[in-house]
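coords-v9.cif follows; it contains mmCIF, C-alpha atoms (C1' of nucleotides).
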data_upload
#
loop_
_atom_site.group_PDB
_atom_site.id
_atom_site.type_symbol
_atom_site.label_atom_id
_atom_site.label_comp_id
_atom_site.auth_asym_id
_atom_site.auth_seq_id
_atom_site.Cartn_x
_atom_site.Cartn_y
_atom_site.Cartn_z
ATOM 1 C CA MET A 1 -19.121 -43.064 86.887
ATOM 2 C CA LYS A 2 -20.921 -39.747 87.178
ATOM 3 C CA ILE A 3 -21.487 -37.669 84.036
ATOM 4 C CA ALA A 4 -23.155 -34.258 84.065
ATOM 5 C CA THR A 5 -24.094 -31.443 81.702
ATOM 6 C CA TRP A 6 -24.498 -27.772 82.524
ATOM 7 C CA ASN A 7 -25.069 -24.666 80.432
ATOM 8 C CA VAL A 8 -23.230 -22.084 82.538
ATOM 9 C CA ASN A 9 -24.057 -18.938 80.487
ATOM 10 C CA SER A 10 -20.525 -17.492 80.673
ATOM 11 C CA LEU A 11 -17.771 -19.568 82.258
ATOM 12 C CA LYS A 12 -16.005 -16.374 83.280
ATOM 13 C CA VAL A 13 -18.926 -15.314 85.469
ATOM 14 C CA ARG A 14 -19.831 -18.821 86.630
ATOM 15 C CA LEU A 15 -16.365 -20.257 87.351
ATOM 16 C CA PRO A 16 -16.844 -20.006 91.152
ATOM 17 C CA HIS A 17 -20.104 -21.940 90.849
ATOM 18 C CA VAL A 18 -18.457 -24.572 88.669
ATOM 19 C CA LEU A 19 -15.546 -25.035 91.085
ATOM 20 C CA ASP A 20 -17.923 -25.330 94.047
ATOM 21 C CA TRP A 21 -20.084 -27.786 92.141
ATOM 22 C CA LEU A 22 -17.106 -29.941 91.148
ATOM 23 C CA ALA A 23 -15.918 -30.080 94.759
ATOM 24 C CA ALA A 24 -19.370 -31.003 96.055
ATOM 25 C CA ASN A 25 -20.268 -33.542 93.350
ATOM 26 C CA GLN A 26 -16.959 -34.904 92.037
ATOM 27 C CA PRO A 27 -18.198 -35.885 88.576
ATOM 28 C CA ASP A 28 -16.055 -38.060 86.308
ATOM 29 C CA ALA A 29 -17.067 -35.838 83.416
ATOM 30 C CA LEU A 30 -18.802 -32.475 83.243
ATOM 31 C CA CYS A 31 -20.008 -31.136 79.901
ATOM 32 C CA LEU A 32 -20.233 -27.336 79.787
ATOM 33 C CA GLN A 33 -22.004 -25.113 77.279
ATOM 34 C CA GLU A 34 -22.145 -21.389 76.552
ATOM 35 C CA LEU A 35 -18.616 -20.646 77.721
ATOM 36 C CA LYS A 36 -18.730 -17.286 75.925
ATOM 37 C CA LEU A 37 -14.949 -17.079 75.862
ATOM 38 C CA GLU A 38 -12.062 -17.758 73.530
ATOM 39 C CA ASP A 39 -9.736 -20.686 74.129
ATOM 40 C CA LYS A 40 -6.942 -18.363 75.254
ATOM 41 C CA GLY A 41 -9.195 -17.208 78.103
ATOM 42 C CA PHE A 42 -10.172 -20.701 79.275
ATOM 43 C CA PRO A 43 -9.442 -21.144 83.010
ATOM 44 C CA VAL A 44 -7.076 -24.093 82.603
ATOM 45 C CA ALA A 45 -5.009 -23.352 85.713
ATOM 46 C CA GLU A 46 -7.974 -22.850 88.043
ATOM 47 C CA LEU A 47 -9.507 -26.158 86.967
ATOM 48 C CA GLN A 48 -6.182 -27.974 87.131
ATOM 49 C CA ALA A 49 -5.757 -26.736 90.698
ATOM 50 C CA ALA A 50 -9.158 -28.259 91.458
ATOM 51 C CA GLY A 51 -8.011 -31.582 90.006
ATOM 52 C CA TYR A 52 -9.755 -31.340 86.637
ATOM 53 C CA ASN A 53 -8.414 -31.666 83.126
ATOM 54 C CA ALA A 54 -10.304 -29.890 80.381
ATOM 55 C CA VAL A 55 -10.747 -29.928 76.639
ATOM 56 C CA PHE A 56 -12.590 -27.018 75.090
ATOM 57 C CA ASN A 57 -13.812 -25.440 71.891
ATOM 58 C CA GLY A 58 -14.538 -21.775 72.439
ATOM 59 C CA GLN A 59 -15.212 -18.523 70.626
ATOM 60 C CA LYS A 60 -15.729 -14.897 71.504
ATOM 61 C CA THR A 61 -19.078 -13.802 73.008
ATOM 62 C CA TYR A 62 -21.231 -16.753 71.957
ATOM 63 C CA ASN A 63 -21.416 -20.534 72.214
ATOM 64 C CA GLY A 64 -18.368 -22.526 73.328
ATOM 65 C CA VAL A 65 -18.258 -26.026 74.864
ATOM 66 C CA ALA A 66 -15.932 -27.988 77.135
ATOM 67 C CA ILE A 67 -15.561 -31.328 78.878
ATOM 68 C CA LEU A 68 -13.941 -31.463 82.324
ATOM 69 C CA SER A 69 -12.650 -34.646 83.955
ATOM 70 C CA PRO A 70 -10.226 -35.773 86.640
ATOM 71 C CA HIS A 71 -9.295 -38.576 84.199
ATOM 72 C CA PRO A 72 -7.456 -38.340 80.853
ATOM 73 C CA LEU A 73 -9.536 -36.963 77.965
ATOM 74 C CA GLU A 74 -8.687 -38.917 74.824
ATOM 75 C CA ASP A 75 -9.477 -38.816 71.090
ATOM 76 C CA VAL A 76 -10.786 -35.268 71.154
ATOM 77 C CA VAL A 77 -12.995 -34.084 68.290
ATOM 78 C CA ARG A 78 -14.080 -30.455 67.855
ATOM 79 C CA ASP A 79 -17.072 -29.502 65.687
ATOM 80 C CA ILE A 80 -19.173 -31.876 63.597
ATOM 81 C CA PRO A 81 -16.813 -33.432 61.025
ATOM 82 C CA GLY A 82 -17.719 -32.397 57.488
ATOM 83 C CA PHE A 83 -20.252 -29.769 58.601
ATOM 84 C CA SER A 84 -19.094 -26.238 57.840
ATOM 85 C CA ASP A 85 -19.981 -24.086 60.850
ATOM 86 C CA GLU A 86 -18.486 -20.942 62.380
ATOM 87 C CA GLN A 87 -20.218 -21.613 65.687
ATOM 88 C CA LYS A 88 -18.416 -23.662 68.325
ATOM 89 C CA ARG A 89 -21.035 -26.093 69.547
ATOM 90 C CA ILE A 90 -19.466 -29.555 69.719
ATOM 91 C CA ILE A 91 -16.651 -31.265 71.535
ATOM 92 C CA ALA A 92 -16.178 -34.998 72.082
ATOM 93 C CA ALA A 93 -13.701 -37.023 74.103
ATOM 94 C CA THR A 94 -13.294 -40.485 75.581
ATOM 95 C CA VAL A 95 -13.139 -40.816 79.376
ATOM 96 C CA ASN A 96 -12.544 -44.206 80.990
ATOM 97 C CA GLY A 97 -13.674 -45.929 77.807
ATOM 98 C CA VAL A 98 -16.912 -43.931 77.548
ATOM 99 C CA ARG A 99 -17.326 -41.677 74.525
ATOM 100 C CA ILE A 100 -18.732 -38.335 75.636
ATOM 101 C CA VAL A 101 -20.212 -35.931 73.104
ATOM 102 C CA CYS A 102 -20.959 -32.472 74.468
ATOM 103 C CA GLY A 103 -23.252 -30.234 72.435
ATOM 104 C CA TYR A 104 -24.714 -26.768 72.591
ATOM 105 C CA PHE A 105 -27.592 -27.114 70.155
ATOM 106 C CA PRO A 106 -28.751 -23.999 68.277
ATOM 107 C CA ASN A 107 -31.577 -22.046 69.880
ATOM 108 C CA GLY A 108 -33.564 -21.514 66.694
ATOM 109 C CA GLN A 109 -35.090 -18.215 67.852
ATOM 110 C CA ALA A 110 -38.447 -18.643 66.089
ATOM 111 C CA VAL A 111 -40.061 -21.399 64.062
ATOM 112 C CA GLY A 112 -39.487 -20.720 60.364
ATOM 113 C CA SER A 113 -36.642 -18.225 60.872
ATOM 114 C CA ASP A 114 -33.196 -18.551 59.290
ATOM 115 C CA LYS A 115 -31.879 -19.603 62.689
ATOM 116 C CA PHE A 116 -34.543 -22.277 62.879
ATOM 117 C CA GLU A 117 -33.486 -23.664 59.506
ATOM 118 C CA TYR A 118 -29.883 -23.675 60.747
ATOM 119 C CA LYS A 119 -30.989 -25.541 63.864
ATOM 120 C CA LEU A 120 -32.586 -28.281 61.782
ATOM 121 C CA ARG A 121 -29.594 -28.534 59.417
ATOM 122 C CA TRP A 122 -27.270 -28.714 62.423
ATOM 123 C CA LEU A 123 -29.390 -31.457 63.991
ATOM 124 C CA GLY A 124 -29.332 -33.422 60.750
ATOM 125 C CA ALA A 125 -25.555 -33.210 60.531
ATOM 126 C CA LEU A 126 -25.190 -34.182 64.193
ATOM 127 C CA THR A 127 -27.417 -37.222 63.739
ATOM 128 C CA GLU A 128 -25.485 -38.491 60.726
ATOM 129 C CA TRP A 129 -22.151 -37.989 62.482
ATOM 130 C CA LEU A 130 -23.399 -39.786 65.607
ATOM 131 C CA ARG A 131 -24.542 -42.724 63.507
ATOM 132 C CA ALA A 132 -20.884 -43.269 62.595
ATOM 133 C CA GLU A 133 -19.597 -42.303 66.032
ATOM 134 C CA LEU A 134 -21.788 -44.971 67.666
ATOM 135 C CA THR A 135 -20.298 -47.620 65.401
ATOM 136 C CA ALA A 136 -16.785 -46.604 66.422
ATOM 137 C CA HIS A 137 -17.715 -46.028 70.088
ATOM 138 C CA PRO A 138 -20.691 -48.180 71.181
ATOM 139 C CA ARG A 139 -20.411 -46.901 74.761
ATOM 140 C CA LEU A 140 -21.500 -43.302 74.191
ATOM 141 C CA VAL A 141 -23.241 -40.489 76.075
ATOM 142 C CA LEU A 142 -24.594 -37.417 74.270
ATOM 143 C CA GLY A 143 -24.958 -34.596 76.764
ATOM 144 C CA GLY A 144 -25.763 -30.959 76.428
ATOM 145 C CA ASP A 145 -28.205 -28.126 76.017
ATOM 146 C CA PHE A 146 -30.440 -29.494 73.274
ATOM 147 C CA ASN A 147 -32.770 -26.490 73.199
ATOM 148 C CA ILE A 148 -35.574 -29.015 72.633
ATOM 149 C CA ALA A 149 -38.247 -30.044 75.126
ATOM 150 C CA PRO A 150 -38.966 -33.558 73.837
ATOM 151 C CA GLU A 151 -42.526 -33.964 75.165
ATOM 152 C CA ASP A 152 -45.358 -31.766 76.397
ATOM 153 C CA ARG A 153 -44.526 -32.630 80.006
ATOM 154 C CA ASP A 154 -41.061 -31.127 79.429
ATOM 155 C CA ALA A 155 -42.490 -27.610 79.053
ATOM 156 C CA HIS A 156 -44.553 -25.657 81.549
ATOM 157 C CA PRO A 157 -48.222 -25.836 80.488
ATOM 158 C CA ASP A 158 -48.286 -22.058 79.973
ATOM 159 C CA TRP A 159 -45.264 -22.042 77.625
ATOM 160 C CA LYS A 160 -46.562 -19.974 74.691
ATOM 161 C CA ASP A 161 -43.766 -19.977 72.118
ATOM 162 C CA GLU A 162 -43.456 -22.750 69.584
ATOM 163 C CA ILE A 163 -39.680 -22.694 69.648
ATOM 164 C CA HIS A 164 -38.195 -25.628 71.621
ATOM 165 C CA VAL A 165 -41.460 -27.598 71.424
ATOM 166 C CA SER A 166 -42.304 -27.523 67.700
ATOM 167 C CA ALA A 167 -42.982 -30.655 65.695
ATOM 168 C CA PRO A 168 -39.838 -30.363 63.500
ATOM 169 C CA GLU A 169 -37.611 -29.979 66.565
ATOM 170 C CA ARG A 170 -39.241 -32.934 68.275
ATOM 171 C CA ALA A 171 -38.893 -34.984 65.097
ATOM 172 C CA ALA A 172 -35.171 -34.173 65.106
ATOM 173 C CA PHE A 173 -34.967 -35.343 68.716
ATOM 174 C CA THR A 174 -36.768 -38.547 67.745
ATOM 175 C CA ALA A 175 -34.221 -39.062 64.957
ATOM 176 C CA LEU A 176 -31.514 -39.066 67.629
ATOM 177 C CA THR A 177 -33.374 -41.595 69.765
ATOM 178 C CA ALA A 178 -33.898 -43.694 66.621
ATOM 179 C CA LEU A 179 -30.115 -44.244 66.690
ATOM 180 C CA GLY A 180 -30.735 -46.165 69.908
ATOM 181 C CA LEU A 181 -29.949 -43.283 72.239
ATOM 182 C CA VAL A 182 -32.276 -43.060 75.223
ATOM 183 C CA ASP A 183 -33.149 -40.018 77.344
ATOM 184 C CA ALA A 184 -31.679 -41.165 80.667
ATOM 185 C CA PHE A 185 -33.911 -38.839 82.676
ATOM 186 C CA ARG A 186 -36.989 -40.768 81.571
ATOM 187 C CA LEU A 187 -35.608 -44.123 82.658
ATOM 188 C CA TYR A 188 -36.655 -43.167 86.195
ATOM 189 C CA ASP A 189 -39.625 -41.795 88.110
ATOM 190 C CA GLN A 190 -39.370 -38.020 88.199
ATOM 191 C CA PRO A 191 -41.263 -35.192 89.835
ATOM 192 C CA GLU A 192 -43.963 -33.512 87.771
ATOM 193 C CA ARG A 193 -42.873 -30.333 86.035
ATOM 194 C CA ALA A 194 -39.195 -31.233 86.175
ATOM 195 C CA PHE A 195 -37.227 -28.635 84.230
ATOM 196 C CA SER A 196 -33.585 -27.702 83.621
ATOM 197 C CA TRP A 197 -33.972 -24.078 82.465
ATOM 198 C CA TRP A 198 -35.942 -21.156 83.869
ATOM 199 C CA ASP A 199 -36.103 -17.655 82.379
ATOM 200 C CA TYR A 200 -34.314 -14.983 84.394
ATOM 201 C CA ARG A 201 -37.442 -12.828 84.104
ATOM 202 C CA MET A 202 -40.905 -13.019 85.613
ATOM 203 C CA GLY A 203 -39.789 -14.874 88.721
ATOM 204 C CA ALA A 204 -39.754 -17.959 86.534
ATOM 205 C CA PHE A 205 -37.623 -20.114 88.818
ATOM 206 C CA ARG A 206 -39.692 -19.277 91.889
ATOM 207 C CA ARG A 207 -42.851 -20.184 89.967
ATOM 208 C CA ASN A 208 -41.156 -23.207 88.345
ATOM 209 C CA PHE A 209 -42.018 -21.859 84.909
ATOM 210 C CA GLY A 210 -39.388 -23.690 82.891
ATOM 211 C CA LEU A 211 -38.368 -26.125 80.192
ATOM 212 C CA ARG A 212 -36.491 -29.418 80.268
ATOM 213 C CA ILE A 213 -34.046 -28.854 77.441
ATOM 214 C CA ASP A 214 -30.765 -30.151 78.895
ATOM 215 C CA HIS A 215 -30.370 -33.860 78.352
ATOM 216 C CA LEU A 216 -28.106 -36.887 78.693
ATOM 217 C CA LEU A 217 -28.740 -39.536 76.035
ATOM 218 C CA VAL A 218 -27.210 -42.953 76.475
ATOM 219 C CA SER A 219 -26.291 -45.555 73.848
ATOM 220 C CA PRO A 220 -27.726 -49.090 74.010
ATOM 221 C CA ALA A 221 -24.453 -50.593 75.235
ATOM 222 C CA LEU A 222 -24.450 -48.302 78.278
ATOM 223 C CA GLN A 223 -28.132 -48.434 79.169
ATOM 224 C CA PRO A 224 -27.808 -51.468 81.481
ATOM 225 C CA ALA A 225 -25.262 -49.475 83.496
ATOM 226 C CA CYS A 226 -27.598 -46.530 84.176
ATOM 227 C CA ARG A 227 -28.531 -46.093 87.824
ATOM 228 C CA ALA A 228 -30.001 -42.595 88.231
ATOM 229 C CA CYS A 229 -30.539 -39.302 86.426
ATOM 230 C CA THR A 230 -31.550 -36.077 88.156
ATOM 231 C CA VAL A 231 -31.657 -32.306 87.782
ATOM 232 C CA ASP A 232 -29.640 -30.512 90.466
ATOM 233 C CA LYS A 233 -31.568 -27.305 91.132
ATOM 234 C CA ALA A 234 -29.193 -26.142 93.880
ATOM 235 C CA PRO A 235 -26.925 -23.982 91.663
ATOM 236 C CA ARG A 236 -29.979 -22.191 90.242
ATOM 237 C CA LYS A 237 -30.695 -20.888 93.773
ATOM 238 C CA LEU A 238 -27.303 -19.195 94.209
ATOM 239 C CA GLU A 239 -26.540 -15.512 93.732
ATOM 240 C CA ARG A 240 -25.965 -14.668 90.054
ATOM 241 C CA PRO A 241 -26.931 -18.128 88.774
ATOM 242 C CA SER A 242 -26.887 -19.541 85.278
ATOM 243 C CA ASP A 243 -30.419 -19.823 83.935
ATOM 244 C CA HIS A 244 -29.789 -23.589 83.526
ATOM 245 C CA ALA A 245 -29.299 -26.259 86.187
ATOM 246 C CA PRO A 246 -26.958 -29.263 85.875
ATOM 247 C CA VAL A 247 -28.342 -32.656 84.858
ATOM 248 C CA VAL A 248 -26.499 -35.609 86.391
ATOM 249 C CA LEU A 249 -26.270 -39.245 85.296
ATOM 250 C CA ASP A 250 -24.955 -42.062 87.471
ATOM 251 C CA LEU A 251 -23.512 -45.043 85.590
ATOM 252 C CA GLU A 252 -22.263 -48.238 87.172
ATOM 253 C CA VAL A 253 -19.116 -48.645 85.091
ATOM 254 C "C1'" DA B 1 -49.323 -5.470 73.349
ATOM 255 C "C1'" DT B 2 -44.848 -5.156 75.365
ATOM 256 C "C1'" DG B 3 -41.155 -6.404 78.143
ATOM 257 C "C1'" DG B 4 -39.729 -8.069 82.066
ATOM 258 C "C1'" DC B 5 -33.239 -10.575 83.120
ATOM 259 C "C1'" DG B 6 -28.572 -11.349 82.233
ATOM 260 C "C1'" DG B 7 -23.973 -11.639 79.607
ATOM 261 C "C1'" DG B 8 -21.051 -9.487 76.280
ATOM 262 C "C1'" DA B 9 -18.945 -5.831 73.605
ATOM 263 C "C1'" DG B 10 -17.931 -1.463 73.494
ATOM 264 C "C1'" DA B 11 -20.457 3.091 73.527
ATOM 265 C "C1'" DA B 12 -26.394 1.664 70.301
ATOM 266 C "C1'" DT B 13 -32.506 3.434 69.734
ATOM 267 C "C1'" DC B 14 -26.759 -2.564 70.529
ATOM 268 C "C1'" DC B 15 -27.228 -8.225 69.996
ATOM 269 C "C1'" DC B 16 -28.556 -12.631 71.699
ATOM 270 C "C1'" DG B 17 -30.503 -16.145 74.588
ATOM 271 C "C1'" DA B 18 -34.920 -19.578 75.501
#
Could the structure of this file be written out as structure tokens, please?
Amino acid sequence: MKIATWNVNSLKVRLPHVLDWLAANQPDALCLQELKLEDKGFPVAELQAAGYNAVFNGQKTYNGVAILSPHPLEDVVRDIPGFSDEQKRIIAATVNGVRIVCGYFPNGQAVGSDKFEYKLRWLGALTEWLRAELTAHPRLVLGGDFNIAPEDRDAHPDWKDEIHVSAPERAAFTALTALGLVDAFRLYDQPERAFSWWDYRMGAFRRNFGLRIDHLLVSPALQPACRACTVDKAPRKLERPSDHAPVVLDLEV
DNA sequence: ATGGCGGGAGAATCCCGA
């Protein structure tokens, strides 16, 4: 089973890239973030024609998440239960007996800002929900744009801002791994300076000035099935790319 | 020191992302 996550920064603009990527990679589940469209504008027919079902949780202009799969998507949950939030950042579904939680984590803007406080509250609510979700669904993958670089090696050495690498954000990431979830990317040898996001400005992709902020976390019950986890930089090299690249997990299930 | 790119909404000297 192949599970991937990709922040597409507007599904309307990136739909051709997504369709090409689906055809080339044939994932069993693809988590998308930053759709930037309302549910009534979701490209259901185009994806269906490509052989993919979709569940989605969108809003105008900002945020928005979806899970695509050629298989049935069951037991769909939208938003973090019990957490009051206008922003559409969570969708979960079960595919072939694997619980998939797709999240677009808040950016946080700047350490200490109101948006940063929201980010930490959101992370706390997510963690408590996942504690229960893991009990109900031991075979679980949490995928998405976390907007957190978990370790120093996950940010370019010249990264100057504190946001995405601050101690409170990393503590929140550690709270997720304390549930038993493991960062699948770090189960394997990886190239140095492996990132999943590069700023559009400053020739950042060409210089590999980036962050690794898109992750696939795997529950204990699924960890023995993990076989590989990689960043696919190919879509970042296309015309009019997303600023993020897909991260792909291979599971032997 | 600043903004640098890109998407979106809608007409801004705009907002937001990471």
Using all atoms listed in the file, what table do you get, as CSV, when you list each residue of chain A with an atom no more than 8 Å from chain B, its nearest pair of atoms, and their distance in Å rounded to one decimal, rows by chain then rising number?
residue,atom,partner,partner_atom,distance
A:Asn9,CA,B:DG7,C1',7.4
A:Ser10,CA,B:DG7,C1',6.9
A:Thr61,CA,B:DG8,C1',5.8
A:Asn107,CA,B:DA18,C1',7.0
A:Gln109,CA,B:DA18,C1',7.8
A:Asn147,CA,B:DA18,C1',7.6
A:His164,CA,B:DA18,C1',7.9
A:Asp199,CA,B:DA18,C1',7.2
A:Tyr200,CA,B:DC5,C1',4.7
A:Arg201,CA,B:DC5,C1',4.9
A:Met202,CA,B:DG4,C1',6.2
I need the output of the PyMOL selection byres ((chain A and resi 138) around 10) for this file as a PDB file with C-alpha atoms, keeping the file's coordinate frame; which residues are they?
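Wrote it out as selection-v2.pdb, contents follow:
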ATOM      1  CA  GLY A  97     -13.674 -45.929  77.807  1.00  0.00           C
ATOM      2  CA  VAL A  98     -16.912 -43.931  77.548  1.00  0.00           C
ATOM      3  CA  ARG A  99     -17.326 -41.677  74.525  1.00  0.00           C
ATOM      4  CA  ALA A 132     -20.884 -43.269  62.595  1.00  0.00           C
ATOM      5  CA  GLU A 133     -19.597 -42.303  66.032  1.00  0.00           C
ATOM      6  CA  LEU A 134     -21.788 -44.971  67.666  1.00  0.00           C
ATOM      7  CA  THR A 135     -20.298 -47.620  65.401  1.00  0.00           C
ATOM      8  CA  ALA A 136     -16.785 -46.604  66.422  1.00  0.00           C
ATOM      9  CA  HIS A 137     -17.715 -46.028  70.088  1.00  0.00           C
ATOM     10  CA  ARG A 139     -20.411 -46.901  74.761  1.00  0.00           C
ATOM     11  CA  LEU A 140     -21.500 -43.302  74.191  1.00  0.00           C
ATOM     12  CA  VAL A 141     -23.241 -40.489  76.075  1.00  0.00           C
ATOM     13  CA  VAL A 218     -27.210 -42.953  76.475  1.00  0.00           C
ATOM     14  CA  SER A 219     -26.291 -45.555  73.848  1.00  0.00           C
ATOM     15  CA  PRO A 220     -27.726 -49.090  74.010  1.00  0.00           C
ATOM     16  CA  ALA A 221     -24.453 -50.593  75.235  1.00  0.00           C
ATOM     17  CA  LEU A 222     -24.450 -48.302  78.278  1.00  0.00           C
TER      18      LEU A 222
END
Can you tell me which residues surround Ala155 (chain A) at a distance of at most 9 Å, considering only C-alpha atoms (C1' of nucleotides), apart from same-chain residues fewer than 5 positions away, and format the answer as a ChimeraX atom specification? /A:149-150,164-165,193-195,209-213
With 7 Å as the cut-off and all atoms listed in the file counted, what is the closest atom pair between each nearby residue of region 119-235 of chain A and region 78-96 of chain A? Distances in Å to one decimal, ordered by chain and number, as CSV.
residue,atom,partner,partner_atom,distance
A:Ala125,CA,A:Phe83,CA,6.6
A:Leu126,CA,A:Ile80,CA,6.5
A:Trp129,CA,A:Ile80,CA,6.9
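Closest approach to Gly143 (chain A) among A:Leu68, A:Val44, A:Leu123, A:Cys31: A:Cys31, based on all atoms listed in the file.
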Find the residues around Glu46 (chain A) up to 9 Å (all atoms listed in the file counted), leave out those fewer than 4 positions away in its own chain, and share them as a PyMOL selection string. chain A and resi 15+19+50-52
Would you kindly translate the PyMOL selection byres ((chain A and resi 102) around 8) into the concrete residues it picks from this file, as a list in words?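 What the PyMOL selection byres ((chain A and resi 102) around 8) grabs from the file is Thr5, Cys31, Leu32, Gln33, Val65, Ala66, Ile67, Ile90, Ile91, Ala92, Ile100, Val101, Gly103, Tyr104, Leu142, Gly143 and Gly144 of chain A.
Taking CA of Trp198 (chain A) and CA of Thr177 (chain A) as endpoints, the distance between them is 25.0 Å.
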Can you measure CA of Lys115 (chain A) to CA of His156 (chain A) for me? One decimal in Å is fine.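 Taking CA of Lys115 (chain A) and CA of His156 (chain A), their separation equals 23.5 Å.
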For the PyMOL selection byres ((chain A and resi 58) around 9), applied here, can you spell out every residue it catches as a ChimeraX atom specification? /A:34-40,42,56-57,59-60,62-66,87-89
Using only C-alpha atoms, please write the residues we just selected to a file, as a CSV table (one decimal), in the coordinates of the input.
chain,number,residue,atom,x,y,z
A,34,GLU,CA,-22.1,-21.4,76.6
A,35,LEU,CA,-18.6,-20.6,77.7
A,36,LYS,CA,-18.7,-17.3,75.9
A,37,LEU,CA,-14.9,-17.1,75.9
A,38,GLU,CA,-12.1,-17.8,73.5
A,39,ASP,CA,-9.7,-20.7,74.1
A,40,LYS,CA,-6.9,-18.4,75.3
A,42,PHE,CA,-10.2,-20.7,79.3
A,56,PHE,CA,-12.6,-27.0,75.1
A,57,ASN,CA,-13.8,-25.4,71.9
A,59,GLN,CA,-15.2,-18.5,70.6
A,60,LYS,CA,-15.7,-14.9,71.5
A,62,TYR,CA,-21.2,-16.8,72.0
A,63,ASN,CA,-21.4,-20.5,72.2
A,64,GLY,CA,-18.4,-22.5,73.3
A,65,VAL,CA,-18.3,-26.0,74.9
A,66,ALA,CA,-15.9,-28.0,77.1
A,87,GLN,CA,-20.2,-21.6,65.7
A,88,LYS,CA,-18.4,-23.7,68.3
A,89,ARG,CA,-21.0,-26.1,69.5
Need to verify the contact set: Ala234 (chain A), 12 Å, only C-alpha atoms (C1' of nucleotides), exclusion of same-chain residues closer than 5 positions in sequence. Can you return it as a PyMOL selection string? chain A and resi 17+20-21+24-25+196+205+239+241-247
Nearby residues (all atoms listed in the file) at most 10 Å from Leu251 (chain A), same-chain spacing under 6 positions excluded, as a list in words: Met1, Lys2, Ile3, Leu222, Gln223, Pro224, Ala225, Cys226, Arg227, Ala228 and Cys229 of chain A
Please, what distance in Å, to one decimal, runs between CA of Leu217 (chain A) and CA of Ala172 (chain A)? 13.8 Å
Best match for closeness to Arg207 (chain A) among A:Asp158, A:Glu169, A:Arg240, A:Phe185, counting only C-alpha atoms: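 For Arg207 (chain A), the nearest of the given residues is A:Asp158.
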